[in-house]
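Novice: What follows is input.txt, compact mmCIF, C-alpha atoms and all ligand atoms.
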```txt
# COMPACT_ATOMS: atom_id res chain seq x y z
CA MET A 1 54.80 27.13 -64.59
CA SER A 2 54.14 30.75 -65.27
CA ALA A 3 51.57 33.39 -64.58
CA MET A 4 50.32 36.71 -65.69
CA CYS A 5 49.21 38.18 -62.44
CA ALA A 6 47.33 41.36 -61.82
CA ARG A 7 47.33 43.79 -58.99
CA MET A 8 44.83 46.28 -57.70
CA PRO A 9 44.92 49.20 -57.95
CA LEU A 10 45.83 48.90 -61.57
CA MET A 11 48.91 51.01 -62.03
CA GLU A 12 50.69 50.61 -65.34
CA ASN A 13 53.89 49.41 -63.74
CA GLN A 14 52.21 47.22 -61.16
CA ASN A 15 50.66 44.62 -63.32
CA THR A 16 52.59 41.45 -62.77
CA CYS A 17 53.99 39.19 -60.16
CA ASP A 18 57.45 39.87 -58.91
CA ARG A 19 59.91 40.58 -61.64
CA ARG A 20 61.90 37.39 -61.24
CA HIS A 21 58.81 35.29 -61.72
CA PHE A 22 57.78 37.43 -64.62
CA MET A 23 61.05 36.96 -66.45
CA LYS A 24 60.35 33.23 -66.43
CA ILE A 25 57.17 33.92 -68.35
CA GLY A 26 59.13 35.87 -70.90
CA ALA A 27 61.21 32.90 -71.92
CA LEU A 28 58.06 30.87 -72.44
CA ALA A 29 55.50 33.22 -73.84
CA ALA A 30 57.40 35.76 -75.86
CA THR A 31 57.91 33.75 -79.00
CA ALA A 32 54.60 34.45 -80.67
CA ALA A 33 54.39 37.96 -79.37
CA ALA A 34 58.00 38.76 -80.35
CA LEU A 35 58.33 40.87 -77.23
CA PRO A 36 60.07 40.29 -73.92
CA ALA A 37 57.47 39.58 -71.25
CA GLY A 38 57.92 42.87 -69.44
CA ALA A 39 57.41 44.77 -72.66
CA ARG A 40 54.49 42.52 -73.49
CA ALA A 41 52.61 43.31 -70.28
CA ALA A 42 53.27 47.02 -70.67
CA ALA A 43 52.51 47.01 -74.38
CA PRO A 44 49.47 48.85 -75.67
CA ALA A 45 46.48 46.52 -75.76
CA ALA A 46 46.28 47.00 -79.52
CA GLU A 47 49.72 45.36 -79.82
CA HIS A 48 49.11 42.64 -77.21
CA GLY A 49 48.68 39.65 -79.48
CA LEU A 50 48.04 35.96 -79.00
CA ALA A 51 51.00 34.24 -77.34
CA ASP A 52 51.85 30.59 -77.68
CA LEU A 53 50.73 28.44 -74.78
CA PRO A 54 53.51 27.84 -72.24
CA TYR A 55 53.12 24.08 -72.92
CA ALA A 56 52.00 21.82 -75.74
CA TYR A 57 48.33 21.35 -76.61
CA ASP A 58 48.46 17.79 -75.26
CA ALA A 59 50.28 18.70 -72.04
CA LEU A 60 47.16 18.90 -69.86
CA GLU A 61 45.86 15.44 -70.79
CA PRO A 62 43.85 13.75 -69.45
CA SER A 63 42.28 16.63 -67.49
CA ILE A 64 41.85 18.73 -70.63
CA ASP A 65 42.05 16.95 -73.96
CA THR A 66 44.32 18.02 -76.80
CA LYS A 67 41.59 18.95 -79.28
CA THR A 68 39.83 21.16 -76.74
CA MET A 69 43.06 22.97 -75.94
CA GLU A 70 43.88 23.48 -79.61
CA ILE A 71 40.45 24.87 -80.53
CA HIS A 72 40.18 26.89 -77.35
CA HIS A 73 43.51 28.63 -77.88
CA SER A 74 43.85 28.85 -81.67
CA ARG A 75 40.23 29.71 -82.44
CA HIS A 76 38.32 31.02 -79.41
CA HIS A 77 41.16 32.95 -77.76
CA ALA A 78 42.43 34.13 -81.16
CA ALA A 79 38.97 35.45 -81.99
CA TYR A 80 38.86 37.52 -78.78
CA VAL A 81 42.24 39.00 -79.66
CA ASN A 82 41.24 39.84 -83.23
CA ASN A 83 37.88 41.28 -82.23
CA MET A 84 39.51 43.42 -79.55
CA LYS A 85 42.08 44.78 -81.99
CA SER A 86 39.40 45.65 -84.54
CA ALA A 87 37.31 47.39 -81.89
CA LEU A 88 40.27 49.49 -80.72
CA GLU A 89 40.94 50.90 -84.18
CA GLY A 90 40.19 54.60 -84.13
CA HIS A 91 40.21 54.72 -80.31
CA ALA A 92 43.79 55.74 -79.62
CA GLY A 93 43.29 56.49 -75.94
CA LEU A 94 41.93 53.05 -75.15
CA ALA A 95 44.32 51.34 -77.57
CA SER A 96 47.33 52.84 -75.79
CA LEU A 97 46.45 51.30 -72.43
CA SER A 98 47.92 47.96 -71.45
CA LEU A 99 45.56 45.00 -71.71
CA LEU A 100 45.43 44.88 -67.92
CA ALA A 101 44.74 48.60 -67.47
CA LEU A 102 42.07 48.45 -70.14
CA GLN A 103 39.99 46.07 -68.01
CA SER A 104 39.29 48.66 -65.34
CA VAL A 105 38.19 51.44 -67.70
CA ILE A 106 35.74 49.49 -69.86
CA SER A 107 32.89 50.66 -67.62
CA SER A 108 33.65 54.26 -68.57
CA VAL A 109 33.46 53.69 -72.35
CA GLU A 110 30.49 55.78 -73.43
CA ASP A 111 29.56 54.06 -76.68
CA PRO A 112 27.46 51.08 -75.50
CA SER A 113 28.36 48.97 -78.52
CA LEU A 114 32.10 49.54 -78.03
CA GLN A 115 31.78 48.92 -74.31
CA THR A 116 30.08 45.56 -74.92
CA THR A 117 32.64 44.57 -77.54
CA LEU A 118 35.54 45.38 -75.23
CA ARG A 119 33.87 43.72 -72.28
CA ASN A 120 33.55 40.51 -74.27
CA ASN A 121 36.83 40.58 -76.18
CA ALA A 122 39.39 42.52 -74.13
CA GLY A 123 37.93 40.60 -71.21
CA GLY A 124 38.16 37.35 -73.14
CA HIS A 125 41.77 38.06 -74.10
CA TRP A 126 42.92 38.84 -70.56
CA ASN A 127 40.96 35.96 -69.03
CA HIS A 128 42.37 33.35 -71.38
CA GLU A 129 45.98 34.52 -71.15
CA PHE A 130 45.63 34.35 -67.38
CA PHE A 131 43.95 30.93 -67.56
CA TRP A 132 46.71 29.36 -69.67
CA ASN A 133 49.32 30.62 -67.27
CA ILE A 134 47.79 29.28 -64.06
CA MET A 135 47.75 25.76 -65.54
CA THR A 136 50.64 23.33 -66.02
CA PRO A 137 51.14 19.65 -66.83
CA PRO A 138 49.83 17.42 -64.01
CA ASP A 139 53.29 16.30 -62.88
CA ARG A 140 54.14 19.94 -62.13
CA SER A 141 50.91 20.97 -60.40
CA GLY A 142 52.43 21.03 -56.92
CA SER A 143 50.69 22.58 -53.95
CA PRO A 144 50.06 26.07 -52.55
CA GLY A 145 52.99 27.94 -51.06
CA ASP A 146 53.12 28.54 -47.32
CA ALA A 147 51.41 31.94 -47.30
CA LEU A 148 48.64 30.95 -49.69
CA GLY A 149 48.15 27.60 -47.95
CA THR A 150 47.74 29.37 -44.62
CA ALA A 151 45.32 31.89 -46.11
CA ILE A 152 43.23 29.12 -47.67
CA HIS A 153 43.09 27.33 -44.34
CA ASP A 154 42.22 30.47 -42.41
CA THR A 155 39.58 31.62 -44.91
CA PHE A 156 37.86 28.40 -45.90
CA GLY A 157 38.84 25.93 -43.17
CA GLY A 158 41.06 23.83 -45.44
CA MET A 159 41.88 22.88 -49.00
CA GLU A 160 38.92 20.56 -49.46
CA GLU A 161 36.51 23.19 -48.17
CA PHE A 162 38.06 25.75 -50.51
CA LYS A 163 37.69 23.41 -53.48
CA LYS A 164 34.04 22.86 -52.60
CA ALA A 165 33.38 26.60 -52.45
CA PHE A 166 35.19 27.16 -55.75
CA ALA A 167 33.37 24.27 -57.44
CA ALA A 168 30.05 25.64 -56.17
CA ALA A 169 30.84 29.01 -57.73
CA GLY A 170 31.57 27.35 -61.06
CA ALA A 171 28.60 25.03 -60.94
CA GLY A 172 26.32 27.87 -59.90
CA ARG A 173 27.31 30.11 -62.79
CA PHE A 174 24.36 29.68 -65.15
CA GLY A 175 25.38 29.58 -68.79
CA SER A 176 28.87 30.81 -69.68
CA GLY A 177 31.37 32.43 -67.37
CA TRP A 178 34.19 32.01 -64.92
CA ALA A 179 34.80 31.12 -61.28
CA TRP A 180 37.57 33.03 -59.54
CA LEU A 181 39.70 33.11 -56.42
CA ILE A 182 40.52 36.75 -55.81
CA VAL A 183 42.40 38.82 -53.28
CA ARG A 184 40.23 41.68 -52.08
CA ASP A 185 41.38 43.99 -49.29
CA GLY A 186 44.11 41.45 -48.53
CA LYS A 187 41.63 38.59 -48.08
CA LEU A 188 40.79 35.59 -50.23
CA LYS A 189 37.35 35.43 -51.77
CA VAL A 190 35.61 33.07 -54.21
CA THR A 191 33.50 34.80 -56.87
CA SER A 192 32.14 34.17 -60.34
CA THR A 193 31.40 36.33 -63.37
CA PRO A 194 29.19 35.87 -66.43
CA ASN A 195 30.48 35.69 -70.01
CA GLN A 196 33.98 37.27 -70.23
CA ASP A 197 33.61 39.67 -67.31
CA ASN A 198 36.35 39.45 -64.68
CA PRO A 199 37.07 40.84 -61.20
CA LEU A 200 39.28 43.57 -62.67
CA MET A 201 36.28 45.24 -64.33
CA THR A 202 35.45 47.86 -61.75
CA GLY A 203 32.13 49.52 -62.45
CA ILE A 204 30.87 46.43 -64.26
CA VAL A 205 31.03 43.60 -61.74
CA PRO A 206 29.58 44.24 -58.27
CA GLU A 207 32.04 46.22 -56.13
CA GLU A 208 32.30 43.49 -53.49
CA GLU A 209 33.37 41.03 -56.21
CA THR A 210 36.20 43.15 -57.62
CA GLY A 211 39.76 42.29 -56.72
CA THR A 212 42.94 40.67 -57.97
CA PRO A 213 42.38 37.28 -59.61
CA ILE A 214 44.91 34.65 -58.54
CA LEU A 215 43.04 31.58 -59.87
CA GLY A 216 40.24 31.22 -62.38
CA ILE A 217 38.46 28.51 -64.32
CA ASP A 218 36.71 28.91 -67.63
CA VAL A 219 33.30 27.23 -67.37
CA TRP A 220 32.15 28.05 -70.89
CA GLU A 221 31.07 24.85 -72.64
CA HIS A 222 33.84 25.41 -75.21
CA ALA A 223 36.33 24.73 -72.39
CA TYR A 224 35.13 21.19 -71.77
CA TYR A 225 32.28 20.03 -74.01
CA LEU A 226 34.24 17.82 -76.46
CA HIS A 227 35.43 15.55 -73.69
CA TYR A 228 32.96 16.09 -70.85
CA GLN A 229 29.79 17.08 -72.74
CA ASN A 230 27.39 18.45 -70.10
CA ARG A 231 29.44 17.23 -67.11
CA ARG A 232 30.86 20.55 -65.93
CA GLY A 233 31.44 19.14 -62.45
CA ASP A 234 33.65 16.33 -63.77
CA TYR A 235 35.71 18.88 -65.73
CA MET A 236 36.12 21.05 -62.65
CA ASP A 237 37.14 18.04 -60.53
CA ALA A 238 39.77 16.94 -63.06
CA TRP A 239 41.01 20.51 -63.54
CA TRP A 240 42.60 20.63 -60.08
CA ASN A 241 45.25 18.22 -61.40
CA VAL A 242 46.56 20.87 -63.80
CA VAL A 243 46.47 23.94 -61.56
CA ASP A 244 49.94 25.51 -61.39
CA TRP A 245 50.12 26.19 -57.68
CA ALA A 246 53.53 27.84 -57.98
CA SER A 247 52.06 30.47 -60.28
CA VAL A 248 48.92 30.89 -58.20
CA SER A 249 51.03 31.27 -55.07
CA ALA A 250 53.25 33.84 -56.77
CA CYS A 251 50.16 35.81 -57.76
CA TYR A 252 48.91 35.63 -54.18
CA ASP A 253 52.24 36.81 -52.79
CA SER A 254 52.25 39.68 -55.27
CA ALA A 255 48.67 40.66 -54.49
CA VAL A 256 49.21 40.87 -50.73
CA SER A 257 52.67 42.44 -50.78
MN MN B 301 37.24 30.07 -73.06
```
Starting from the file, give its structure as C-alpha cells.
Ligand code: MN
Specialist:
Amino acid sequence: MSAMCARMPLMENQNTCDRRHFMKIGALAATAAALPAGARAAAPAAEHGLADLPYAYDALEPSIDTKTMEIHHSRHHAAYVNNMKSALEGHAGLASLSLLALQSVISSVEDPSLQTTLRNNAGGHWNHEFFWNIMTPPDRSGSPGDALGTAIHDTFGGMEEFKKAFAAAGAGRFGSGWAWLIVRDGKLKVTSTPNQDNPLMTGIVPEEETGTPILGIDVWEHAYYLHYQNRRGDYMDAWWNVVDWASVSACYDSAVS
C-alpha cells in the first residue's frame, strides 16, 4: 500500500521512493504526524513522531493478530519514538538530521551510552515505520513487479528459493532482530541484524551487509508471541500473505535507479 523507502548513499533529499509513490504515503500516514509525507521524511528526527498505521489494527488478520498489532505499534513502537526524542534533547546536531540520515551517523556518536540508545531507539523507530509500510491487507498483497521479479529470479533462482533464504535468515537470527532484503551495489542480498540494528547503520553492521532495505521482517518475540508463541517459522510463513509487493517493488525500483 505504501512504503518509506531508503536510498544509499543517504542524501537528505534522496530518502524515499519516487515522489508519486511517496505522495500516496502522505495521504495515509500524515494524520498523526500532522505533516505532509515529504515534510515528514525531511523533518528533523526529533520531530518525526509516531504515525498512524496505514491500515487498521485488524487488517493483517489472520497472519498477524489484532492485539499483537495494537501493542506492537501503540506501545513498542511508541516507546522507541519517545526514547529517541528524549535521547536527542541537548544534541542539536543529531536532532536536526532526518530519521533516515540519523541511521548512518550513529556509529560516529562518541558517547557510548548515547550511541547505544540511538542504535536501539532511532533504529527501532525507522525499522518499525518501514515495517508497517511494506505490509498490507492480504487481499492487496499482490506480487513483485517485473524488475524485482526478474532480480529475485536471477539472484536466488526463483521466488520459492528466495523465500527459503529469507526465512533462513530470520530463523537463524538468535534472539531478537530482523531479516532483510537489501539492495547493495545494485544487487539483491538477504541479511539479518540483531536487536534494532539495520542495514543503513554504516560503521555498525558489517560493511558487506549494509545497503538499502526494500523488505524486512521483525523477528522479535513481541512481533508474534501472542498468537504464535515460540513458532517463529509459522509466523514468517504466514507473513508472506501480508507483504505489500507494490511497495517493495517501488523501493527496489528506487534503489536501483
Ligand atoms: Mn518490533
Novice: Using only C-alpha atoms and all ligand atoms, which residues of the polymer chains come no farther than 6 Å from ligand MN 301 (chain B)? I'd like the answer as a ChimeraX atom specification.
Specialist: /A:218,220,223
Novice: A:Tyr228, A:Trp126, A:Phe162, A:Trp178: which is nearest Ser104 (chain A), counting only C-alpha atoms?
Specialist: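 Smallest separation from Ser104 (chain A) among the options: A:Trp126.
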Novice: Between A:Asp139, A:Glu70, A:Asp244, A:Asp197, single out the one closest to Leu226 (chain A), counting all atoms listed in the file.
Specialist: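 Counting all atoms listed in the file, the residue closest to Leu226 (chain A) is A:Glu70.
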Novice: Excluding Ala238 (chain A) and residues on its chain fewer than 5 positions from it, collect all residues at most 10 Å away from it, counting only C-alpha atoms, and give them as a PyMOL selection string.
Specialist: chain A and resi 61-64+233+243
Novice: Write the residues you've just listed into a file as a compact mmCIF listing (two decimals), in the frame of the given file, and include C-alpha atoms for each of them.
Specialist:
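Final output, saved to part10.txt:
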```txt
# COMPACT_ATOMS: atom_id res chain seq x y z
CA GLU A 61 45.86 15.44 -70.79
CA PRO A 62 43.85 13.75 -69.45
CA SER A 63 42.28 16.63 -67.49
CA ILE A 64 41.85 18.73 -70.63
CA GLY A 233 31.44 19.14 -62.45
CA VAL A 243 46.47 23.94 -61.56
```
Novice: Which residues are close to region 74-77 of chain A, i.e. within 9 Å by all atoms listed in the file, leaving aside same-chain residues fewer than 2 positions away? Reply as an mmCIF file with C-alpha atoms, keeping the file's coordinate frame.
Specialist:
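Output file selection33.cif follows:
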```
data_model
loop_
_atom_site.group_PDB
_atom_site.id
_atom_site.type_symbol
_atom_site.label_atom_id
_atom_site.label_comp_id
_atom_site.auth_asym_id
_atom_site.auth_seq_id
_atom_site.Cartn_x
_atom_site.Cartn_y
_atom_site.Cartn_z
ATOM 1 C CA LEU A 50 48.040 35.960 -79.000
ATOM 2 C CA MET A 69 43.060 22.970 -75.940
ATOM 3 C CA GLU A 70 43.880 23.480 -79.610
ATOM 4 C CA ILE A 71 40.450 24.870 -80.530
ATOM 5 C CA HIS A 72 40.180 26.890 -77.350
ATOM 6 C CA ALA A 79 38.970 35.450 -81.990
ATOM 7 C CA TYR A 80 38.860 37.520 -78.780
ATOM 8 C CA VAL A 81 42.240 39.000 -79.660
ATOM 9 C CA ASN A 82 41.240 39.840 -83.230
ATOM 10 C CA ASN A 121 36.830 40.580 -76.180
ATOM 11 C CA GLY A 124 38.160 37.350 -73.140
ATOM 12 C CA HIS A 125 41.770 38.060 -74.100
ATOM 13 C CA HIS A 128 42.370 33.350 -71.380
ATOM 14 C CA GLU A 129 45.980 34.520 -71.150
ATOM 15 C CA HIS A 222 33.840 25.410 -75.210
#
```
Novice: Please measure the separation of CA of Ala78 (chain A) and CA of Thr191 (chain A), giving the value in Å to one decimal.
Specialist: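 So the answer is 25.9 Å.
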Novice: Around (51.8, 24.3, -54.6) in the file's frame, which residues reach within 10 Å when counting only C-alpha atoms? Return as a list in words?
Specialist: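 Returned residue set, sorted by chain then number, is Arg140, Ser141, Gly142, Ser143, Pro144, Gly145, Asp146, Leu148, Gly149, Val243, Asp244, Trp245, Ala246, Ser247, Val248, Ser249 and Ala250 of chain A.
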Novice: Work out how far CA of Pro194 (chain A) is from CA of Ala87 (chain A), in Å to one decimal.
Specialist: 20.9 Å
Novice: Nearest to Ala151 (chain A) among A:Ile182, A:Leu200, A:Leu100, A:Met84, with distances taken over all atoms listed in the file: which residue is it?
Specialist: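 The shortest atom-to-atom distance to Ala151 (chain A) comes from A:Ile182.
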Novice: So how far away is CA of Met4 (chain A) from CA of Tyr252 (chain A), in Å?
Specialist: 11.6 Å
Novice: Select, from A:Glu110, A:Asn120, A:Thr210, A:Trp239, the residue with the minimum atom-to-atom distance to Phe166 (chain A), counting all atoms listed in the file.
Specialist: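 For Phe166 (chain A), the nearest of the given residues is A:Trp239.
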Novice: Have a look at A:Ile134, A:Leu102, A:Ile152, A:Leu53 and name the one nearest to Val242 (chain A); count all atoms listed in the file.
Specialist: A:Ile134
Novice: Taking into account all atoms listed in the file, which residue in the set A:Leu88, A:Val105, A:Val256, A:Val190 is nearest to Lys164 (chain A)?
Specialist: A:Val190
Novice: List as a list in words the residues having at least one atom at most 12 Å from position (30.4, 42.0, -72.6) as given in the file, counting only C-alpha atoms.
Specialist: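 The answer, in the requested form, is Tyr80, Met84, Gln103, Ile106, Ser107, Pro112, Ser113, Leu114, Gln115, Thr116, Thr117, Leu118, Arg119, Asn120, Asn121, Ala122, Gly123, Gly124, Ser176, Gly177, Thr193, Pro194, Asn195, Gln196, Asp197, Asn198, Met201, Ile204 and Val205 of chain A.
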